[in-house]
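Below is query25.txt, which holds compact mmCIF, C-alpha atoms.
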```txt
# COMPACT_ATOMS: atom_id res chain seq x y z
CA MET A 20 -63.76 -78.04 -5.64
CA LYS A 21 -61.38 -78.62 -2.80
CA GLU A 22 -58.17 -76.69 -2.99
CA SER A 23 -55.17 -78.95 -3.38
CA ASN A 24 -51.50 -78.51 -4.10
CA GLU A 25 -48.76 -80.99 -4.89
CA MET A 26 -45.01 -81.26 -5.03
CA LYS A 27 -42.52 -84.04 -5.61
CA LEU A 28 -38.90 -84.31 -4.52
CA GLU A 29 -36.30 -86.77 -5.68
CA PHE A 30 -32.85 -86.82 -4.11
CA ASP A 31 -29.85 -89.01 -3.36
CA SER A 32 -29.96 -91.12 -0.21
CA ARG A 33 -27.14 -89.20 1.46
CA SER A 34 -27.39 -88.21 5.10
CA SER A 35 -26.63 -84.60 4.15
CA ASN A 36 -30.03 -84.55 2.40
CA GLU A 37 -31.97 -85.33 5.58
CA GLY A 38 -31.97 -81.68 6.57
CA PHE A 39 -32.80 -80.59 3.04
CA ALA A 40 -35.79 -82.96 2.84
CA ARG A 41 -37.40 -81.84 6.09
CA VAL A 42 -36.86 -78.15 5.38
CA ALA A 43 -38.27 -78.51 1.84
CA VAL A 44 -41.42 -80.22 3.12
CA ALA A 45 -41.72 -77.69 5.95
CA SER A 46 -41.57 -74.75 3.56
CA PHE A 47 -44.19 -76.34 1.28
CA LEU A 48 -46.34 -76.79 4.38
CA THR A 49 -46.23 -73.08 5.32
CA GLN A 50 -49.05 -72.49 2.79
CA LEU A 51 -51.41 -74.13 5.29
CA ASN A 52 -50.39 -71.69 8.05
CA PRO A 53 -49.20 -74.36 10.46
CA THR A 54 -48.21 -73.66 14.05
CA LEU A 55 -44.53 -73.96 14.93
CA GLU A 56 -45.35 -77.18 16.72
CA GLU A 57 -47.01 -78.65 13.62
CA VAL A 58 -43.99 -77.70 11.51
CA ALA A 59 -41.71 -79.41 14.05
CA ASP A 60 -43.93 -82.51 14.05
CA VAL A 61 -43.79 -82.82 10.25
CA LYS A 62 -40.04 -82.17 10.14
CA THR A 63 -39.44 -84.93 12.66
CA ALA A 64 -41.64 -87.40 10.75
CA VAL A 65 -39.89 -86.60 7.43
CA SER A 66 -36.50 -86.95 9.06
CA GLU A 67 -37.38 -90.36 10.50
CA ALA A 68 -38.74 -91.72 7.22
CA VAL A 69 -35.82 -90.42 5.15
CA THR A 70 -33.26 -91.72 7.67
CA ASN A 71 -34.93 -95.14 7.54
CA ALA A 72 -34.71 -95.16 3.75
CA ILE A 73 -31.00 -94.27 3.87
CA ILE A 74 -29.93 -96.67 6.60
CA HIS A 75 -32.31 -99.58 6.25
CA GLY A 76 -33.76 -99.27 2.74
CA TYR A 77 -30.49 -98.66 0.93
CA GLY A 78 -28.04 -99.86 3.60
CA ASN A 79 -26.13 -96.56 3.30
CA GLU A 80 -25.63 -96.96 -0.47
CA VAL A 81 -26.54 -93.98 -2.63
CA HIS A 82 -29.77 -94.36 -4.62
CA LYS A 83 -32.90 -92.24 -5.04
CA ILE A 84 -35.49 -91.32 -2.45
CA THR A 85 -38.80 -89.81 -3.55
CA ILE A 86 -41.08 -87.66 -1.46
CA ASN A 87 -44.59 -86.97 -2.68
CA CYS A 88 -46.29 -84.18 -0.85
CA ARG A 89 -49.89 -83.04 -1.23
CA THR A 90 -52.04 -80.61 0.64
CA CYS A 91 -55.80 -80.77 0.39
CA GLU A 92 -57.79 -78.17 2.34
CA ASP A 93 -56.17 -78.33 5.77
CA GLU A 94 -54.59 -81.76 5.42
CA LEU A 95 -51.06 -82.77 4.52
CA TYR A 96 -50.37 -86.07 2.76
CA LEU A 97 -46.81 -87.32 2.63
CA GLU A 98 -45.20 -90.30 0.95
CA VAL A 99 -41.56 -91.27 1.39
CA ILE A 100 -40.53 -93.93 -1.10
CA ASP A 101 -37.38 -95.99 -1.65
CA GLN A 102 -36.58 -98.87 -3.97
CA GLY A 103 -34.36 -100.56 -1.43
CA ARG A 104 -34.29 -103.86 0.41
CA GLY A 105 -37.76 -103.69 1.86
CA ILE A 106 -38.92 -104.73 5.31
CA PRO A 107 -39.51 -108.47 5.90
CA ASP A 108 -41.83 -107.94 8.88
CA VAL A 109 -43.45 -104.51 8.92
CA GLU A 110 -45.38 -105.15 12.12
CA LYS A 111 -42.20 -106.07 13.95
CA ALA A 112 -40.32 -103.10 12.49
CA MET A 113 -42.99 -100.75 13.84
CA GLU A 114 -42.67 -101.98 17.42
CA PRO A 115 -41.11 -99.34 19.69
CA LEU A 116 -37.42 -99.96 20.38
CA PHE A 117 -37.14 -102.69 17.74
CA THR A 118 -34.11 -102.11 15.52
CA THR A 119 -32.05 -104.18 13.14
CA ALA A 120 -29.11 -101.79 13.52
CA PRO A 121 -28.20 -101.52 17.23
CA GLU A 122 -24.51 -101.35 16.25
CA GLN A 123 -25.28 -98.05 14.50
CA GLU A 124 -26.95 -96.88 17.71
CA ARG A 125 -30.38 -96.75 16.18
CA SER A 126 -32.93 -96.23 18.92
CA GLY A 127 -35.78 -98.16 17.29
CA MET A 128 -38.07 -95.16 17.76
CA GLY A 129 -38.42 -94.01 14.13
CA PHE A 130 -41.88 -95.39 13.37
CA SER A 131 -43.06 -94.56 16.90
CA PHE A 132 -42.13 -90.91 16.33
CA MET A 133 -43.87 -90.87 12.94
CA GLU A 134 -46.97 -92.30 14.58
CA ALA A 135 -46.82 -89.84 17.47
CA PHE A 136 -46.32 -86.73 15.36
CA MET A 137 -48.65 -87.51 12.45
CA ASP A 138 -52.34 -88.47 12.47
CA GLU A 139 -52.04 -91.49 10.22
CA LEU A 140 -49.16 -93.77 9.24
CA LYS A 141 -49.17 -96.60 6.72
CA VAL A 142 -46.14 -98.67 5.75
CA GLU A 143 -46.14 -100.79 2.61
CA SER A 144 -43.05 -102.82 1.86
CA GLU A 145 -41.89 -105.66 -0.29
CA VAL A 146 -38.58 -107.41 0.22
CA GLY A 147 -36.24 -106.62 -2.67
CA LYS A 148 -38.59 -103.98 -4.09
CA GLY A 149 -38.67 -101.18 -1.56
CA THR A 150 -40.78 -99.35 0.97
CA LYS A 151 -43.46 -96.69 0.86
CA VAL A 152 -44.30 -94.79 4.04
CA SER A 153 -47.55 -92.80 3.80
CA MET A 154 -48.50 -90.24 6.40
CA LYS A 155 -51.28 -87.76 6.90
CA LYS A 156 -51.71 -84.81 9.23
CA LYS A 157 -54.43 -82.27 9.76
CA ILE A 158 -52.99 -78.78 10.07
CA GLY A 159 -54.36 -75.85 12.05
CA ARG A 160 -55.63 -77.47 15.21
CA LYS A 161 -56.09 -75.15 18.11
CA ASP A 162 -55.05 -77.51 20.90
CA SER A 163 -51.38 -77.61 21.72
CA GLU A 164 -49.71 -80.18 23.90
CA TYR A 165 -47.14 -77.63 25.02
CA GLU A 166 -49.81 -75.45 26.57
CA GLU A 167 -51.19 -78.37 28.52
CA GLU A 168 -47.86 -79.01 30.20
CA MET B 6 -10.56 -79.81 21.09
CA SER B 7 -13.71 -79.31 19.10
CA PRO B 8 -15.96 -76.56 20.49
CA LEU B 9 -18.73 -79.17 20.58
CA PHE B 10 -17.11 -80.61 23.69
CA GLN B 11 -16.00 -79.07 26.95
CA LEU B 12 -14.50 -80.80 29.96
CA ASP B 13 -15.35 -79.34 33.36
CA HIS B 14 -13.63 -81.35 36.08
CA THR B 15 -15.05 -84.82 35.44
CA SER B 16 -18.09 -83.60 33.50
CA LEU B 17 -18.12 -83.82 29.75
CA ILE B 18 -20.39 -81.08 28.43
CA ILE B 19 -21.64 -81.67 24.91
CA HIS B 20 -22.92 -78.52 23.25
CA VAL B 21 -25.48 -80.12 20.98
CA PRO B 22 -25.63 -78.33 17.59
CA ALA B 23 -28.72 -76.60 16.18
CA GLU B 24 -29.87 -79.84 14.59
CA LEU B 25 -29.16 -83.34 15.84
CA ASP B 26 -30.05 -85.97 13.27
CA HIS B 27 -28.49 -89.07 11.72
CA HIS B 28 -26.22 -86.85 9.63
CA ASN B 29 -24.30 -85.34 12.56
CA ALA B 30 -24.93 -88.00 15.21
CA GLU B 31 -21.75 -89.81 14.24
CA GLU B 32 -19.51 -86.80 14.94
CA ILE B 33 -20.92 -86.43 18.45
CA ARG B 34 -20.73 -90.16 19.11
CA LYS B 35 -17.09 -90.41 18.04
CA GLY B 36 -16.01 -87.20 19.77
CA ALA B 37 -17.67 -88.12 23.06
CA ASP B 38 -16.27 -91.66 23.08
CA ASP B 39 -12.83 -90.29 22.30
CA MET B 40 -13.00 -87.92 25.27
CA MET B 41 -14.27 -90.69 27.54
CA GLU B 42 -11.37 -92.86 26.56
CA LYS B 43 -8.73 -90.24 27.26
CA GLN B 44 -10.21 -88.38 30.22
CA ASN B 45 -11.73 -89.28 33.54
CA VAL B 46 -15.35 -88.60 32.61
CA ARG B 47 -17.88 -89.25 35.38
CA SER B 48 -20.87 -87.52 33.89
CA ILE B 49 -22.08 -86.34 30.51
CA VAL B 50 -24.13 -83.18 30.18
CA PHE B 51 -26.04 -82.73 26.91
CA ASP B 52 -26.54 -78.98 26.58
CA PHE B 53 -29.50 -78.25 24.29
CA SER B 54 -29.33 -74.40 24.54
CA ASN B 55 -28.81 -74.04 20.79
CA THR B 56 -30.80 -77.02 19.58
CA ASN B 57 -34.05 -76.58 17.70
CA PHE B 58 -34.29 -80.00 16.05
CA MET B 59 -33.67 -83.54 17.21
CA ASP B 60 -35.04 -86.84 15.97
CA SER B 61 -34.64 -90.47 17.06
CA SER B 62 -30.99 -90.45 15.96
CA GLY B 63 -30.35 -88.10 18.89
CA ILE B 64 -32.04 -90.55 21.21
CA GLY B 65 -29.64 -93.20 19.91
CA VAL B 66 -26.66 -90.97 20.71
CA ILE B 67 -27.84 -90.29 24.28
CA MET B 68 -28.70 -93.95 24.89
CA GLY B 69 -25.31 -95.06 23.61
CA ARG B 70 -23.43 -92.66 25.88
CA TYR B 71 -25.62 -93.69 28.80
CA LYS B 72 -24.71 -97.33 28.24
CA ASN B 73 -20.99 -96.56 28.09
CA LEU B 74 -21.07 -94.42 31.20
CA ASN B 75 -23.36 -96.69 33.16
CA PHE B 76 -20.65 -99.34 33.29
CA THR B 77 -18.59 -97.01 35.44
CA GLY B 78 -21.51 -95.71 37.48
CA GLY B 79 -21.62 -92.34 35.72
CA LYS B 80 -24.54 -90.08 35.10
CA VAL B 81 -26.16 -88.49 32.02
CA LEU B 82 -28.02 -85.19 32.10
CA ALA B 83 -29.90 -83.11 29.55
CA VAL B 84 -29.94 -79.36 30.28
CA SER B 85 -31.46 -76.22 28.72
CA VAL B 86 -34.15 -78.41 27.26
CA SER B 87 -36.93 -76.69 25.28
CA PRO B 88 -40.50 -78.02 25.35
CA ARG B 89 -39.93 -79.58 21.93
CA ILE B 90 -36.78 -81.44 22.96
CA ARG B 91 -38.43 -82.47 26.21
CA ARG B 92 -41.31 -83.97 24.26
CA ILE B 93 -38.91 -86.02 22.14
CA LEU B 94 -37.04 -87.22 25.24
CA THR B 95 -40.29 -88.12 26.99
CA LEU B 96 -41.77 -89.95 24.00
CA SER B 97 -38.66 -92.08 23.72
CA GLY B 98 -38.85 -93.06 27.39
CA ILE B 99 -35.27 -91.92 27.94
CA HIS B 100 -36.44 -89.43 30.59
CA LYS B 101 -36.68 -92.41 32.95
CA ILE B 102 -32.93 -92.97 32.94
CA ILE B 103 -31.48 -89.48 32.57
CA ASP B 104 -32.08 -86.22 34.46
CA ILE B 105 -33.67 -83.43 32.45
CA TYR B 106 -33.49 -79.72 33.29
CA ASP B 107 -35.18 -76.75 31.60
CA ASP B 108 -32.25 -74.55 32.61
CA PHE B 109 -28.52 -75.09 33.10
CA PRO B 110 -28.17 -75.71 36.83
CA GLN B 111 -24.73 -74.81 38.22
CA GLU B 112 -24.46 -77.99 40.26
CA THR B 113 -24.65 -80.15 37.13
CA LYS B 114 -21.14 -79.02 36.30
CA THR B 115 -19.64 -80.70 39.31
CA VAL B 116 -21.79 -83.83 39.76
```

Conversion result in structure tokens:
Amino acid sequence: MKESNEMKLEFDSRSSNEGFARVAVASFLTQLNPTLEEVADVKTAVSEAVTNAIIHGYGNEVHKITINCRTCEDELYLEVIDQGRGIPDVEKAMEPLFTTAPEQERSGMGFSFMEAFMDELKVESEVGKGTKVSMKKKIGRKDSEYEEE
Amino acid sequence: MSPLFQLDHTSLIIHVPAELDHHNAEEIRKGADDMMEKQNVRSIVFDFSNTNFMDSSGIGVIMGRYKNLNFTGGKVLAVSVSPRIRRILTLSGIHKIIDIYDDFPQETKTV
């Protein structure tokens, strides 16, 4: 049987929890012996998804965000879930530089970063119901982009 | 003055904290805009010496300051940039409009 491990986090959609969420996922991830770069990649992706849930999902109101985290062999599966407003046009939202909150100085790079730092990204959303961001990443690759530079 | 900010002639040096995310982006945004309003700021230097994490919220902060300064013909620089921070800056495309340095070049203080 494949070795798997799971954890679930539920927390208030406060910006002070962004750091908590990415550190919690990162420390769960250490069981897979990730490189520092892989840890940084996952932390960035978690931060982007959680920030989206706070700003866009809940419009800065305080509700619950859930993170489901599972490791299976050398793969990490992550879900970031909110029960907020939902995204009317997911395809549009995922375009680089597209943002609905320029006045809050959002760069429109959130989904692009998630895509760049994880191997797979899926966004399911329903207006008025919420959003689920699912991501996957294989841990323990030898190649490093830093070394290529 | 908050230790986050330092004015050197007409350069505003922003000592970016260990982590720059949505949570602390607002403090930097407000502080920098406040300084720009009161002082003659011709360039903004983002000093990443102590920074080990930045996400797209940081890109938003840099872009916003760039827009404000660009009106007056000013310049934005990122210095003491680690490979990780450089990767974030490059991915965002912001490296095309700001100057990025691995170290803290002396001349940046008086541009």

Give as number ranges by chain every residue of chain A that touches chain B within 9 Å, counting all atoms listed in the file.
A: 33-38, 56, 59, 62-64, 66-67, 70, 115-116, 121, 123-129, 131-132, 135, 165, 168

List the neighbours of A:Lys155 out to 8 Å using all atoms listed in the file; skip same-chain residues closer than 5 positions along the sequence, and give me the result as a PyMOL selection string.
chain A and resi 94-97+137-140

So which residues touch B:Thr56 within 7 Å, counting all atoms listed in the file, skipping near sequence neighbours fewer than 6 positions away, as a list of chain:residue names?
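These residues fall inside the cut-off: B:Val21, B:Pro22, B:Ala23, B:Glu24.
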
Excluding B:Asp104 and its own-chain neighbours fewer than 5 positions away, which residues fall within 7 Å of it when counting all atoms listed in the file? Please give them as a PyMOL selection string.
chain B and resi 81-83

Just the residues within 10 Å of B:Arg91, please, counting all atoms listed in the file, with nothing from its chain fewer than 6 positions along; format it as a PyMOL selection string.
chain B and resi 83-85+97+100+105-107

Radius query 12 Å about (-20.5, -96.2, 30.4), atoms used: all atoms listed in the file, as a list in words
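Those residues lying close to the given coordinates are Ala37, Asp38, Met41, Glu42, Asn45, Val46, Arg47, Ser48, Ile49, Ile67, Met68, Gly69, Arg70, Tyr71, Lys72, Asn73, Leu74, Asn75, Phe76, Thr77, Gly78, Gly79, Lys80 and Val81 of chain B.
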
If we count only C-alpha atoms, what is near stretch 75-81 of chain A at a cut-off of 12 Å, once residues fewer than 2 positions away on the same chain are taken out, given as a count of residues only?
45

Could you tell me how far atom CA of B:Leu94 sits from atom CA of A:Ser153, in Å to one decimal place?
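Computing it gives 24.5 Å between the two atoms.
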
Take atom CA of A:Val61 and atom CA of A:Lys111 and report the distance between them in Å, one decimal.
23.6 Å

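Atom CA of B:Phe10 is found 17.9 Å from atom CA of B:Pro110.
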